[in-house]
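The file model-v3.cif comes next; it holds mmCIF, C-alpha atoms.
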```
data_start
loop_
_atom_site.label_atom_id
_atom_site.label_comp_id
_atom_site.auth_asym_id
_atom_site.auth_seq_id
_atom_site.Cartn_x
_atom_site.Cartn_y
_atom_site.Cartn_z
CA MET V 1 14.47 15.45 20.83
CA ALA V 2 13.99 17.20 17.51
CA SER V 3 11.68 20.20 17.46
CA VAL V 4 8.24 19.65 15.92
CA THR V 5 7.51 21.54 12.73
CA SER V 6 4.74 24.11 13.02
CA LYS V 7 3.03 22.78 9.91
CA VAL V 8 1.03 19.61 10.46
CA PRO V 9 2.13 16.94 7.94
CA HIS V 10 -0.50 14.83 6.17
CA LEU V 11 -0.42 12.08 3.54
CA MET V 12 -3.18 11.90 0.94
CA THR V 13 -1.32 10.14 -1.90
CA LEU V 14 2.18 9.07 -2.93
CA ALA V 15 2.06 12.01 -5.34
CA ASP V 16 2.68 14.16 -2.25
CA LEU V 17 6.02 12.44 -1.63
CA SER V 18 9.33 12.70 -3.46
CA PRO V 19 11.00 9.51 -4.74
CA GLY V 20 13.51 9.92 -1.90
CA GLN V 21 10.73 10.05 0.68
CA ILE V 22 9.11 6.92 -0.77
CA GLN V 23 12.42 5.08 -0.64
CA ARG V 24 13.02 6.22 2.93
CA ILE V 25 9.61 4.82 3.97
CA ILE V 26 10.41 1.51 2.25
CA ALA V 27 13.82 1.30 3.97
CA HIS V 28 12.24 2.15 7.31
CA SER V 29 9.56 -0.52 6.77
CA HIS V 30 12.28 -3.09 6.19
CA HIS V 31 14.12 -1.96 9.31
CA LEU V 32 11.00 -2.15 11.49
CA LYS V 33 10.13 -5.57 10.07
CA ARG V 34 13.60 -6.94 10.83
CA THR V 35 13.49 -5.50 14.34
CA SER V 36 9.94 -6.54 15.20
CA LEU V 37 9.60 -10.05 13.81
CA PRO V 38 11.80 -11.72 16.48
CA TRP V 39 9.42 -10.40 19.16
CA LEU V 40 6.51 -12.11 17.43
CA GLN V 41 8.08 -15.59 17.33
CA PRO V 42 7.37 -18.34 19.88
CA GLN V 43 9.41 -17.72 23.03
CA VAL V 44 12.46 -19.95 23.50
CA ARG V 45 13.50 -20.95 27.03
CA LEU V 46 17.13 -21.45 27.96
CA GLY V 47 18.41 -24.36 30.02
CA ASN V 48 17.87 -22.36 33.20
CA GLY V 49 14.22 -21.89 32.31
CA LYS V 50 14.56 -18.21 31.48
CA ILE V 51 13.37 -16.72 28.21
CA SER V 52 16.18 -15.49 25.98
CA THR V 53 15.85 -11.84 24.92
CA ALA V 54 19.56 -11.11 24.53
CA LYS V 55 19.43 -10.49 20.77
CA LEU V 56 16.08 -8.70 20.72
CA ARG V 57 15.91 -4.98 20.07
CA MET V 58 12.83 -2.89 20.64
CA PRO V 59 11.35 -1.21 17.57
CA SER V 60 10.72 2.52 17.74
CA GLN V 61 8.34 3.43 20.56
CA SER V 62 7.33 6.77 19.06
CA LEU V 63 3.65 6.08 19.82
CA PHE V 64 4.23 5.31 23.52
CA ASN V 65 1.17 6.57 25.43
CA LYS V 66 -0.27 7.91 22.16
CA SER V 67 -3.53 7.07 20.40
CA VAL V 68 -4.34 6.79 16.70
CA ALA V 69 -7.94 7.18 15.56
CA LEU V 70 -9.00 4.71 12.89
CA LEU V 71 -11.79 6.65 11.24
CA PHE V 72 -13.25 4.00 8.91
CA ASN V 73 -16.38 4.64 6.87
CA LYS V 74 -15.82 1.44 4.86
CA ARG V 75 -15.23 -2.20 5.73
CA SER V 76 -11.63 -3.29 6.08
CA THR V 77 -9.60 -6.41 6.79
CA ARG V 78 -5.94 -5.85 5.91
CA THR V 79 -5.82 -2.11 6.60
CA ARG V 80 -7.51 -2.39 9.97
CA VAL V 81 -5.53 -5.41 11.19
CA ALA V 82 -2.28 -3.89 9.95
CA ALA V 83 -2.99 -0.56 11.65
CA GLU V 84 -3.99 -2.03 15.01
CA THR V 85 -1.06 -4.45 15.23
CA ALA V 86 1.45 -1.86 13.95
CA ALA V 87 0.42 0.75 16.51
CA LEU V 88 0.79 -1.81 19.30
CA LEU V 89 4.38 -2.58 18.26
CA LEU V 90 5.15 1.15 18.31
CA GLY V 91 3.91 1.36 21.90
CA GLY V 92 0.60 3.03 21.08
CA GLN V 93 -3.06 2.15 20.82
CA THR V 94 -5.78 2.56 18.22
CA LEU V 95 -9.40 3.62 18.56
CA PHE V 96 -11.64 2.10 15.90
CA LEU V 97 -14.31 4.64 14.97
CA GLY V 98 -16.78 3.21 12.47
CA LYS V 99 -19.47 5.28 10.82
CA GLU V 100 -22.07 3.92 13.26
CA ASP V 101 -19.92 4.80 16.30
CA ILE V 102 -19.49 8.57 16.15
CA GLN V 103 -21.34 11.73 15.20
CA ILE V 104 -19.32 12.75 12.12
CA GLY V 105 -21.54 13.49 9.14
CA VAL V 106 -24.72 12.91 11.19
CA ASN V 107 -24.98 15.39 14.06
CA GLU V 108 -21.54 16.95 13.70
CA THR V 109 -19.63 18.44 10.80
CA VAL V 110 -16.37 16.97 9.49
CA ARG V 111 -14.64 20.19 10.54
CA ASP V 112 -15.79 19.93 14.16
CA SER V 113 -15.11 16.18 14.30
CA ALA V 114 -11.57 16.67 13.01
CA ARG V 115 -10.87 19.17 15.78
CA VAL V 116 -12.45 17.00 18.49
CA ILE V 117 -10.71 13.75 17.47
CA GLY V 118 -7.42 15.53 16.82
CA GLY V 119 -7.64 17.12 20.25
CA MET V 120 -7.52 13.72 21.94
CA CYS V 121 -5.59 11.52 19.49
CA GLN V 122 -2.15 12.00 17.98
CA GLY V 123 -3.01 10.82 14.49
CA ILE V 124 -6.03 10.09 12.26
CA PHE V 125 -5.95 7.17 9.82
CA ALA V 126 -9.05 7.65 7.68
CA ARG V 127 -10.78 5.26 5.28
CA VAL V 128 -13.44 7.27 3.51
CA GLY V 129 -15.67 7.43 0.44
CA ALA V 130 -15.21 10.59 -1.57
CA HIS V 131 -11.66 11.93 -1.47
CA GLU V 132 -12.99 15.35 -0.50
CA GLU V 133 -13.88 13.92 2.92
CA ILE V 134 -10.28 13.20 3.87
CA GLU V 135 -9.10 16.52 2.44
CA GLU V 136 -11.56 18.29 4.74
CA LEU V 137 -10.36 16.23 7.70
CA ALA V 138 -6.77 17.23 6.98
CA ARG V 139 -7.73 20.88 6.52
CA TYR V 140 -9.05 21.18 10.07
CA SER V 141 -7.18 18.51 12.03
CA PRO V 142 -4.54 19.67 14.53
CA VAL V 143 -2.72 16.32 14.11
CA PRO V 144 -1.49 14.39 11.05
CA VAL V 145 -4.09 12.69 8.85
CA MET V 146 -3.18 9.72 6.67
CA ASN V 147 -5.27 8.28 3.85
CA ALA V 148 -6.22 4.66 4.56
CA LEU V 149 -8.26 4.63 1.32
CA SER V 150 -10.37 7.13 -0.58
CA SER V 151 -12.18 7.21 -3.90
CA LEU V 152 -9.05 8.51 -5.61
CA TRP V 153 -5.98 7.16 -3.78
CA HIS V 154 -4.69 4.21 -1.75
CA PRO V 155 -1.07 5.06 -0.83
CA THR V 156 -0.46 2.42 1.85
CA GLN V 157 -1.33 -0.39 -0.56
CA VAL V 158 1.23 0.69 -3.14
CA LEU V 159 3.89 1.16 -0.45
CA ALA V 160 3.38 -2.52 0.47
CA ASP V 161 3.67 -3.47 -3.20
CA ILE V 162 6.97 -1.60 -3.49
CA LEU V 163 8.42 -3.18 -0.33
CA THR V 164 7.48 -6.62 -1.67
CA LEU V 165 9.20 -5.88 -4.98
CA HIS V 166 12.41 -4.98 -3.15
CA GLU V 167 12.24 -8.13 -1.03
CA HIS V 168 11.84 -10.16 -4.23
CA ALA V 169 14.22 -8.17 -6.42
CA TYR V 170 16.09 -11.40 -7.20
CA LEU V 171 13.04 -12.56 -9.19
CA PHE V 172 13.63 -9.73 -11.67
CA ASP V 173 17.43 -9.65 -11.67
CA SER V 174 19.54 -12.83 -11.69
CA SER V 175 22.57 -10.92 -10.42
CA ILE V 176 20.88 -10.46 -7.04
CA PRO V 177 21.32 -13.54 -4.83
CA ARG V 178 18.19 -15.23 -3.57
CA PRO V 179 17.80 -14.84 0.21
CA GLU V 180 18.55 -18.00 2.09
CA LEU V 181 15.80 -19.72 4.03
CA GLU V 182 16.66 -17.88 7.22
CA PRO V 183 14.68 -15.62 9.56
CA TYR V 184 13.88 -12.25 8.01
CA SER V 185 15.71 -10.53 10.88
CA GLN V 186 18.97 -12.15 9.78
CA ARG V 187 18.77 -11.09 6.16
CA HIS V 188 20.63 -8.16 4.63
CA ARG V 189 20.25 -4.88 6.48
CA GLU V 190 19.96 -3.07 3.16
CA LEU V 191 17.14 -3.91 0.78
CA PRO V 192 18.36 -4.78 -2.72
CA PRO V 193 17.39 -2.33 -5.48
CA VAL V 194 14.72 -3.22 -8.02
CA ARG V 195 15.91 -2.94 -11.60
CA PRO V 196 13.65 -0.93 -13.94
CA ILE V 197 10.68 -3.19 -14.67
CA THR V 198 7.46 -3.03 -16.69
CA VAL V 199 4.30 -3.15 -14.59
CA ALA V 200 1.03 -4.05 -16.30
CA TYR V 201 -2.32 -3.23 -14.75
CA VAL V 202 -5.43 -4.92 -16.14
CA GLY V 203 -8.83 -3.78 -14.89
CA ASP V 204 -10.75 -0.79 -13.53
CA SER V 205 -8.99 2.51 -12.94
CA ALA V 206 -9.37 2.54 -9.17
CA ASN V 207 -7.47 4.08 -6.27
CA VAL V 208 -4.66 1.48 -6.24
CA LEU V 209 -3.83 2.11 -9.89
CA HIS V 210 -3.86 5.87 -9.30
CA ASP V 211 -1.08 5.68 -6.72
CA MET V 212 0.81 3.27 -8.99
CA LEU V 213 0.67 5.89 -11.77
CA VAL V 214 2.29 8.61 -9.62
CA ALA V 215 4.85 6.33 -7.96
CA TYR V 216 6.26 3.70 -10.32
CA PRO V 217 7.41 6.00 -13.16
CA ARG V 218 9.30 8.19 -10.67
CA LEU V 219 11.05 5.09 -9.33
CA GLY V 220 12.26 4.18 -12.82
CA HIS V 221 9.55 1.75 -13.93
CA LYS V 222 7.14 1.68 -16.87
CA VAL V 223 3.39 1.21 -16.45
CA ARG V 224 1.04 -0.26 -19.06
CA VAL V 225 -2.68 -0.05 -18.29
CA ALA V 226 -5.64 -1.86 -19.87
CA CYS V 227 -9.17 -0.68 -19.08
CA PRO V 228 -12.35 -0.46 -21.18
CA GLU V 229 -12.72 2.53 -23.49
CA ASN V 230 -15.14 4.34 -21.22
CA ASP V 231 -14.35 7.42 -19.16
CA LYS V 232 -15.68 5.88 -15.96
CA TYR V 233 -13.06 3.11 -16.25
CA ARG V 234 -10.17 5.49 -17.02
CA PRO V 235 -8.14 7.67 -14.62
CA PRO V 236 -10.21 10.74 -13.64
CA LYS V 237 -8.96 14.22 -14.46
CA ALA V 238 -7.88 14.97 -10.88
CA VAL V 239 -5.58 11.95 -10.98
CA TRP V 240 -4.30 12.42 -14.50
CA ASP V 241 -3.46 16.05 -13.77
CA ARG V 242 -1.15 14.87 -10.95
CA VAL V 243 0.35 12.24 -13.28
CA VAL V 244 1.19 14.90 -15.87
CA GLU V 245 2.36 17.42 -13.25
CA LEU V 246 4.92 14.86 -12.00
CA GLY V 247 6.03 13.92 -15.53
CA CYS V 248 4.90 10.32 -15.06
CA ASP V 249 2.79 10.22 -18.24
CA LYS V 250 5.91 9.76 -20.36
CA ASN V 251 6.29 6.22 -19.02
CA ILE V 252 2.61 5.20 -19.04
CA LEU V 253 0.63 3.47 -21.79
CA VAL V 254 -3.18 3.29 -21.55
CA THR V 255 -5.04 0.91 -23.87
CA LYS V 256 -8.30 -1.00 -24.04
CA ASP V 257 -6.50 -4.24 -25.01
CA PRO V 258 -5.32 -6.39 -22.06
CA ARG V 259 -2.92 -8.28 -24.32
CA GLU V 260 -1.24 -5.08 -25.42
CA ALA V 261 -0.94 -3.99 -21.79
CA VAL V 262 0.82 -7.15 -20.61
CA HIS V 263 3.32 -7.14 -23.48
CA GLY V 264 6.80 -7.26 -21.96
CA ALA V 265 5.40 -7.14 -18.42
CA ASP V 266 7.52 -8.28 -15.49
CA LEU V 267 4.67 -7.74 -13.05
CA VAL V 268 0.93 -8.00 -13.72
CA VAL V 269 -1.50 -6.34 -11.31
CA THR V 270 -5.28 -6.24 -11.08
CA ASP V 271 -7.88 -5.06 -8.61
CA THR V 272 -11.59 -5.46 -8.02
CA TRP V 273 -13.87 -4.55 -10.91
CA ILE V 274 -16.70 -3.73 -8.51
CA SER V 275 -15.64 -1.46 -5.65
CA MET V 276 -17.66 -0.85 -2.50
CA GLY V 277 -20.67 1.25 -3.48
CA GLN V 278 -20.73 -0.01 -7.08
CA GLU V 279 -22.73 -3.20 -6.44
CA ALA V 280 -25.68 -1.92 -8.48
CA GLU V 281 -23.40 -1.77 -11.54
CA LYS V 282 -22.23 -5.39 -11.19
CA GLU V 283 -23.98 -6.83 -14.26
CA GLN V 284 -22.80 -4.05 -16.56
CA ARG V 285 -19.28 -4.09 -15.20
CA LEU V 286 -18.89 -7.84 -15.63
CA LYS V 287 -19.96 -7.41 -19.24
CA ASP V 288 -17.61 -4.48 -19.85
CA PHE V 289 -14.62 -6.31 -18.33
CA GLU V 290 -15.13 -9.53 -20.26
CA GLY V 291 -11.72 -10.74 -21.45
CA TYR V 292 -9.85 -8.88 -18.70
CA GLN V 293 -9.34 -11.85 -16.37
CA VAL V 294 -5.63 -12.37 -15.66
CA THR V 295 -4.68 -15.88 -16.78
CA GLU V 296 -1.65 -17.73 -18.06
CA GLN V 297 -3.21 -17.70 -21.51
CA LEU V 298 -3.79 -13.94 -21.53
CA CYS V 299 -0.19 -13.21 -20.54
CA ARG V 300 1.23 -15.79 -22.95
CA GLU V 301 -0.77 -14.41 -25.88
CA GLY V 302 0.12 -10.83 -24.90
CA GLY V 303 3.83 -11.58 -24.67
CA ALA V 304 4.50 -10.98 -20.99
CA ASN V 305 8.00 -11.89 -19.85
CA PRO V 306 8.21 -15.65 -19.20
CA ASP V 307 8.87 -15.16 -15.48
CA TRP V 308 6.19 -12.52 -14.85
CA LYS V 309 4.79 -12.19 -11.34
CA PHE V 310 1.35 -11.24 -10.08
CA MET V 311 -0.12 -8.92 -7.41
CA HIS V 312 -3.65 -8.14 -6.22
CA CYS V 313 -4.57 -5.83 -3.31
CA LEU V 314 -7.41 -8.12 -2.10
CA PRO V 315 -10.18 -9.02 -1.59
CA ARG V 316 -10.22 -10.94 -4.85
CA LYS V 317 -13.05 -12.22 -7.04
CA GLN V 318 -12.37 -15.12 -9.38
CA GLN V 319 -13.47 -13.22 -12.48
CA GLU V 320 -10.49 -10.87 -11.96
CA VAL V 321 -7.80 -13.58 -11.87
CA ASP V 322 -8.10 -17.36 -12.07
CA ASP V 323 -6.95 -19.76 -9.36
CA GLU V 324 -3.96 -20.97 -11.38
CA VAL V 325 -2.36 -17.53 -11.26
CA PHE V 326 -3.72 -16.36 -7.90
CA TYR V 327 -2.56 -19.41 -5.93
CA GLY V 328 0.33 -20.36 -8.20
CA PRO V 329 4.09 -19.69 -8.03
CA ARG V 330 3.79 -16.36 -9.85
CA SER V 331 1.66 -14.86 -7.09
CA LEU V 332 3.07 -12.41 -4.53
CA VAL V 333 -0.41 -11.61 -3.24
CA PHE V 334 -0.03 -12.78 0.33
CA GLN V 335 3.50 -11.44 0.69
CA VAL V 336 2.06 -8.02 -0.18
CA SER V 337 -0.77 -8.56 2.31
CA ASP V 338 1.77 -9.30 5.06
CA ASN V 339 3.71 -6.16 4.19
CA ARG V 340 0.70 -3.92 4.70
CA LYS V 341 1.58 -4.13 8.40
CA TRP V 342 5.19 -3.03 8.02
CA THR V 343 4.61 -0.13 5.64
CA ILE V 344 1.73 1.17 7.78
CA MET V 345 3.95 0.77 10.84
CA ALA V 346 6.65 2.86 9.15
CA MET V 347 4.16 5.55 8.24
CA PHE V 348 2.67 5.62 11.75
CA ASP V 349 6.18 5.98 13.19
CA LEU V 350 7.30 8.72 10.82
CA LEU V 351 4.05 10.65 10.39
CA PHE V 352 2.17 10.22 13.67
CA GLY V 353 5.08 9.53 16.01
CA LYS V 354 7.75 11.87 14.67
CA TRP V 355 6.08 14.27 12.20
CA ASN V 356 9.02 13.64 9.90
CA LEU V 357 8.72 12.35 6.34
CA MET V 358 11.86 14.08 5.09
CA ASP V 359 14.13 12.05 2.83
CA ARG V 360 17.41 13.52 4.09
CA GLU V 361 17.95 11.11 6.97
CA ARG V 362 19.64 7.83 6.22
CA GLU V 363 17.71 4.95 7.74
CA THR V 364 19.58 3.32 10.62
CA THR V 365 19.52 -0.44 10.30
CA ASP V 366 22.28 -1.45 12.70
#
```
Spit out the file's structure as structure tokens when you get a sec.
Amino acid sequence: MASVTSKVPHLMTLADLSPGQIQRIIAHSHHLKRTSLPWLQPQVRLGNGKISTAKLRMPSQSLFNKSVALLFNKRSTRTRVAAETAALLLGGQTLFLGKEDIQIGVNETVRDSARVIGGMCQGIFARVGAHEEIEELARYSPVPVMNALSSLWHPTQVLADILTLHEHAYLFDSSIPRPELEPYSQRHRELPPVRPITVAYVGDSANVLHDMLVAYPRLGHKVRVACPENDKYRPPKAVWDRVVELGCDKNILVTKDPREAVHGADLVVTDTWISMGQEAEKEQRLKDFEGYQVTEQLCREGGANPDWKFMHCLPRKQQEVDDEVFYGPRSLVFQVSDNRKWTIMAMFDLLFGKWNLMDRERETTD
């Protein structure tokens, strides 16, 4: 068993990871997905009445007898379901701690709560409001803290986007063969690479976009962003400083024109225009984002690539993207949603189970 580093590892944003570390997480997600899916299929009985498990391999059990605290101050569907089911596959359990369940921020400081929860659990997966909350948790926690969503960043969402792009690399490169209609566990052990693509984002500058800005350019892709010409809809200074620090700004265009943003796009992405806590601004925001709905017409007029694809982190409102695109053949929305489980599982395994996010190890897929 490898020795545990003395420094507790945390993950606040993909800006904290090298491109090699991001690729390792994606490869590990693919490996865990291939290994785990056969266990989740209906059981098949042999002629003797026994259940066949001969070809099944257990996924990593790094969370065996361990507990992960889900410290959620905001509602969640995909992140919560993904986290609870992923931890179970890794042999562990989760404790859901909503804001009405515990003392944090009411009768107990974040500092004290971090020490108490970290003294009983082996990881903290926190979905918070202001990003400063999760930074304080990480500062005082004796165990790893991972960002499940904050006001500035949403790393696990973008990891799922990247895994989905690799699984569908053939859509962007005709030289890559399309996977046959066979169980995922029987597909290639190695994920195909994604050729350099142009990713367009149309909408509010929210946490998902922020992690896109610090990840995609370092993976060889270009990002084109359309948001209204108002500072509250543009990347905040704390985010843009990280973008510049990583040299990502050289491959990013920011404009107020959605048609300019989607020009040459291989992938078009949007997100909610009205995040949790912004409901009072709904009327003004709908007015400010008029003309930003992702449609076939918008992308045709803007000159997106003919075979462009679409992603949305969910939940979706119709004003953000129409039904034709959202439910149509361009959409990878639900494939991304499915992959939230596998990328969170990989992060739980590496961060909470092994305290190891290094990019030096080659992922074992045999």
Can you give me, as a PyMOL selection string, the residues this file yields under the PyMOL selection byres ((chain V and resi 160) around 6)? chain V and resi 157-159+161-163+336+339-340+343
The PyMOL selection byres ((chain V and resi 316-321) around 12) on the file shown: which residues, as JSON, numbers by chain? {"V": [201, 202, 203, 204, 268, 269, 270, 271, 272, 273, 274, 275, 282, 285, 286, 287, 289, 290, 291, 292, 293, 294, 295, 296, 297, 298, 299, 310, 311, 312, 313, 314, 315, 322, 323, 324, 325, 326, 327, 328, 331, 333, 334]}
Is it possible to get the residues within 12 Å of (6.8, -11.1, 19.6) (coordinates as in the file, counting all atoms listed in the file) written as a VMD selection string? chain V and resid 33 to 44 53 56 to 59 85 88 to 89
Given the PyMOL selection byres ((chain V and resi 166) around 8), the residues it picks as a ChimeraX atom specification: /V:162-165,167-169,191-194
Give me a file of those residues, with C-alpha atoms, as a PDB file, in the frame of the given file.
```pdb
ATOM      1  CA  ILE V 162       6.970  -1.600  -3.490  1.00  0.00           C
ATOM      2  CA  LEU V 163       8.420  -3.180  -0.330  1.00  0.00           C
ATOM      3  CA  THR V 164       7.480  -6.620  -1.670  1.00  0.00           C
ATOM      4  CA  LEU V 165       9.200  -5.880  -4.980  1.00  0.00           C
ATOM      5  CA  GLU V 167      12.240  -8.130  -1.030  1.00  0.00           C
ATOM      6  CA  HIS V 168      11.840 -10.160  -4.230  1.00  0.00           C
ATOM      7  CA  ALA V 169      14.220  -8.170  -6.420  1.00  0.00           C
ATOM      8  CA  LEU V 191      17.140  -3.910   0.780  1.00  0.00           C
ATOM      9  CA  PRO V 192      18.360  -4.780  -2.720  1.00  0.00           C
ATOM     10  CA  PRO V 193      17.390  -2.330  -5.480  1.00  0.00           C
ATOM     11  CA  VAL V 194      14.720  -3.220  -8.020  1.00  0.00           C
TER      12      VAL V 194
END
```
Find the residues around Ile124 in chain V up to 7 Å (all atoms listed in the file counted), leave out those fewer than 2 positions away in its own chain, and share them as a list in words. Val68, Ala69, Leu70, Leu71, Ala126, Pro144, Val145 and Met146 of chain V
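Minimum atom-to-atom distance to Val143 in chain V, evaluated using only C-alpha atoms, belongs to V:Pro9 out of V:Pro235, V:Pro19, V:Pro306, V:Pro9.
Between Thr198 in chain V and the candidates V:Gln93, V:Gln103, V:Gln284, V:Asn305, the tightest atom-to-atom separation, counting all atoms listed in the file, involves V:Asn305.
Computed from the coordinates, the CA of Asp288 in chain V to CA of Pro228 in chain V distance equals 6.8 Å.
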Give as a VMD selection string every residue, naming chains and numbers as the document does, that has an atom within 6 Å of (-3.3, -4.8, -18.4), counting only C-alpha atoms. chain V and resid 200 to 202 225 to 226 258 261 to 262
Just want the 10 Å neighbourhood of Gly98 in chain V, counted on all atoms listed in the file, with same-chain residues fewer than 5 positions away dropped. Output as a VMD selection string. chain V and resid 70 to 75 104 127
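The coordinates place CA of Val243 in chain V at 8.1 Å from CA of Ala15 in chain V.
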With all atoms listed in the file as the counted atoms, please give the residues lying no more than 6 Å from Gly91 in chain V, apart from itself and same-chain residues fewer than 6 positions off, as JSON, numbers by chain. {"V": [61, 63, 64]}
Write out the residues from the selection above, keeping C-alpha atoms, as a compact mmCIF listing (two decimals), keeping the file's coordinate frame.
```
# COMPACT_ATOMS: atom_id res chain seq x y z
CA GLN V 61 8.34 3.43 20.56
CA LEU V 63 3.65 6.08 19.82
CA PHE V 64 4.23 5.31 23.52
```
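Across V:Trp153, V:Phe172, V:Trp355, V:Phe96, the tightest approach to Pro236 in chain V is made by V:Trp153 when counting only C-alpha atoms.
For the atom pair formed by CA of Ser113 in chain V and CA of Glu135 in chain V, the distance is 13.3 Å, given to one decimal.
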List the spatial neighbours of Gly118 in chain V as a ChimeraX atom specification - criterion: any atom at most 8 Å away, only C-alpha atoms, same-chain residues fewer than 4 positions off excluded. /V:114,122-124,141-143
One residue among V:Met12, V:Val81, V:Val208, V:Val223 is nearest to Glu136 in chain V when using all atoms listed in the file, and that residue is V:Met12
Taking the partial coordinates given, rebuild range 289-308 of chain V to contain N, CA and C atoms; return it as a JSON list (two decimals), in the frame of the given file.
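For reference, result_25.json as written:
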```
[["chain", "number", "residue", "atom", "x", "y", "z"],
["V", 289, "PHE", "N", -15.96, -5.79, -18.60],
["V", 289, "PHE", "CA", -14.62, -6.31, -18.33],
["V", 289, "PHE", "C", -14.43, -7.74, -18.84],
["V", 290, "GLU", "N", -15.31, -8.19, -19.68],
["V", 290, "GLU", "CA", -15.13, -9.53, -20.26],
["V", 290, "GLU", "C", -13.82, -9.58, -21.05],
["V", 291, "GLY", "N", -13.02, -10.61, -20.79],
["V", 291, "GLY", "CA", -11.72, -10.74, -21.45],
["V", 291, "GLY", "C", -10.58, -10.12, -20.67],
["V", 292, "TYR", "N", -10.88, -9.53, -19.50],
["V", 292, "TYR", "CA", -9.85, -8.88, -18.70],
["V", 292, "TYR", "C", -9.32, -9.77, -17.58],
["V", 293, "GLN", "N", -9.84, -10.97, -17.42],
["V", 293, "GLN", "CA", -9.34, -11.85, -16.37],
["V", 293, "GLN", "C", -7.86, -12.18, -16.60],
["V", 294, "VAL", "N", -7.05, -12.05, -15.56],
["V", 294, "VAL", "CA", -5.63, -12.37, -15.66],
["V", 294, "VAL", "C", -5.46, -13.88, -15.61],
["V", 295, "THR", "N", -4.92, -14.44, -16.67],
["V", 295, "THR", "CA", -4.68, -15.88, -16.78],
["V", 295, "THR", "C", -3.33, -16.12, -17.42],
["V", 296, "GLU", "N", -2.88, -17.35, -17.35],
["V", 296, "GLU", "CA", -1.65, -17.73, -18.06],
["V", 296, "GLU", "C", -1.82, -17.51, -19.56],
["V", 297, "GLN", "N", -2.98, -17.84, -20.07],
["V", 297, "GLN", "CA", -3.21, -17.70, -21.51],
["V", 297, "GLN", "C", -3.16, -16.24, -21.95],
["V", 298, "LEU", "N", -3.80, -15.36, -21.18],
["V", 298, "LEU", "CA", -3.79, -13.94, -21.53],
["V", 298, "LEU", "C", -2.35, -13.42, -21.60],
["V", 299, "CYS", "N", -1.55, -13.74, -20.59],
["V", 299, "CYS", "CA", -0.19, -13.21, -20.54],
["V", 299, "CYS", "C", 0.72, -13.86, -21.57],
["V", 300, "ARG", "N", 0.45, -15.13, -21.89],
["V", 300, "ARG", "CA", 1.23, -15.79, -22.95],
["V", 300, "ARG", "C", 0.91, -15.18, -24.31],
["V", 301, "GLU", "N", -0.36, -14.99, -24.59],
["V", 301, "GLU", "CA", -0.77, -14.41, -25.88],
["V", 301, "GLU", "C", -0.32, -12.95, -25.99],
["V", 302, "GLY", "N", -0.29, -12.24, -24.87],
["V", 302, "GLY", "CA", 0.12, -10.83, -24.90],
["V", 302, "GLY", "C", 1.62, -10.64, -24.93],
["V", 303, "GLY", "N", 2.38, -11.69, -24.63],
["V", 303, "GLY", "CA", 3.83, -11.58, -24.67],
["V", 303, "GLY", "C", 4.45, -11.02, -23.40],
["V", 304, "ALA", "N", 3.86, -11.36, -22.25],
["V", 304, "ALA", "CA", 4.50, -10.98, -20.99],
["V", 304, "ALA", "C", 5.82, -11.72, -20.86],
["V", 305, "ASN", "N", 6.74, -11.19, -20.07],
["V", 305, "ASN", "CA", 8.00, -11.89, -19.85],
["V", 305, "ASN", "C", 7.73, -13.27, -19.26],
["V", 306, "PRO", "N", 8.50, -14.27, -19.64],
["V", 306, "PRO", "CA", 8.21, -15.65, -19.20],
["V", 306, "PRO", "C", 8.11, -15.81, -17.69],
["V", 307, "ASP", "N", 8.86, -15.02, -16.93],
["V", 307, "ASP", "CA", 8.87, -15.16, -15.48],
["V", 307, "ASP", "C", 8.04, -14.10, -14.78],
["V", 308, "TRP", "N", 7.00, -13.58, -15.44],
["V", 308, "TRP", "CA", 6.19, -12.52, -14.85],
["V", 308, "TRP", "C", 5.58, -12.95, -13.52]]
```
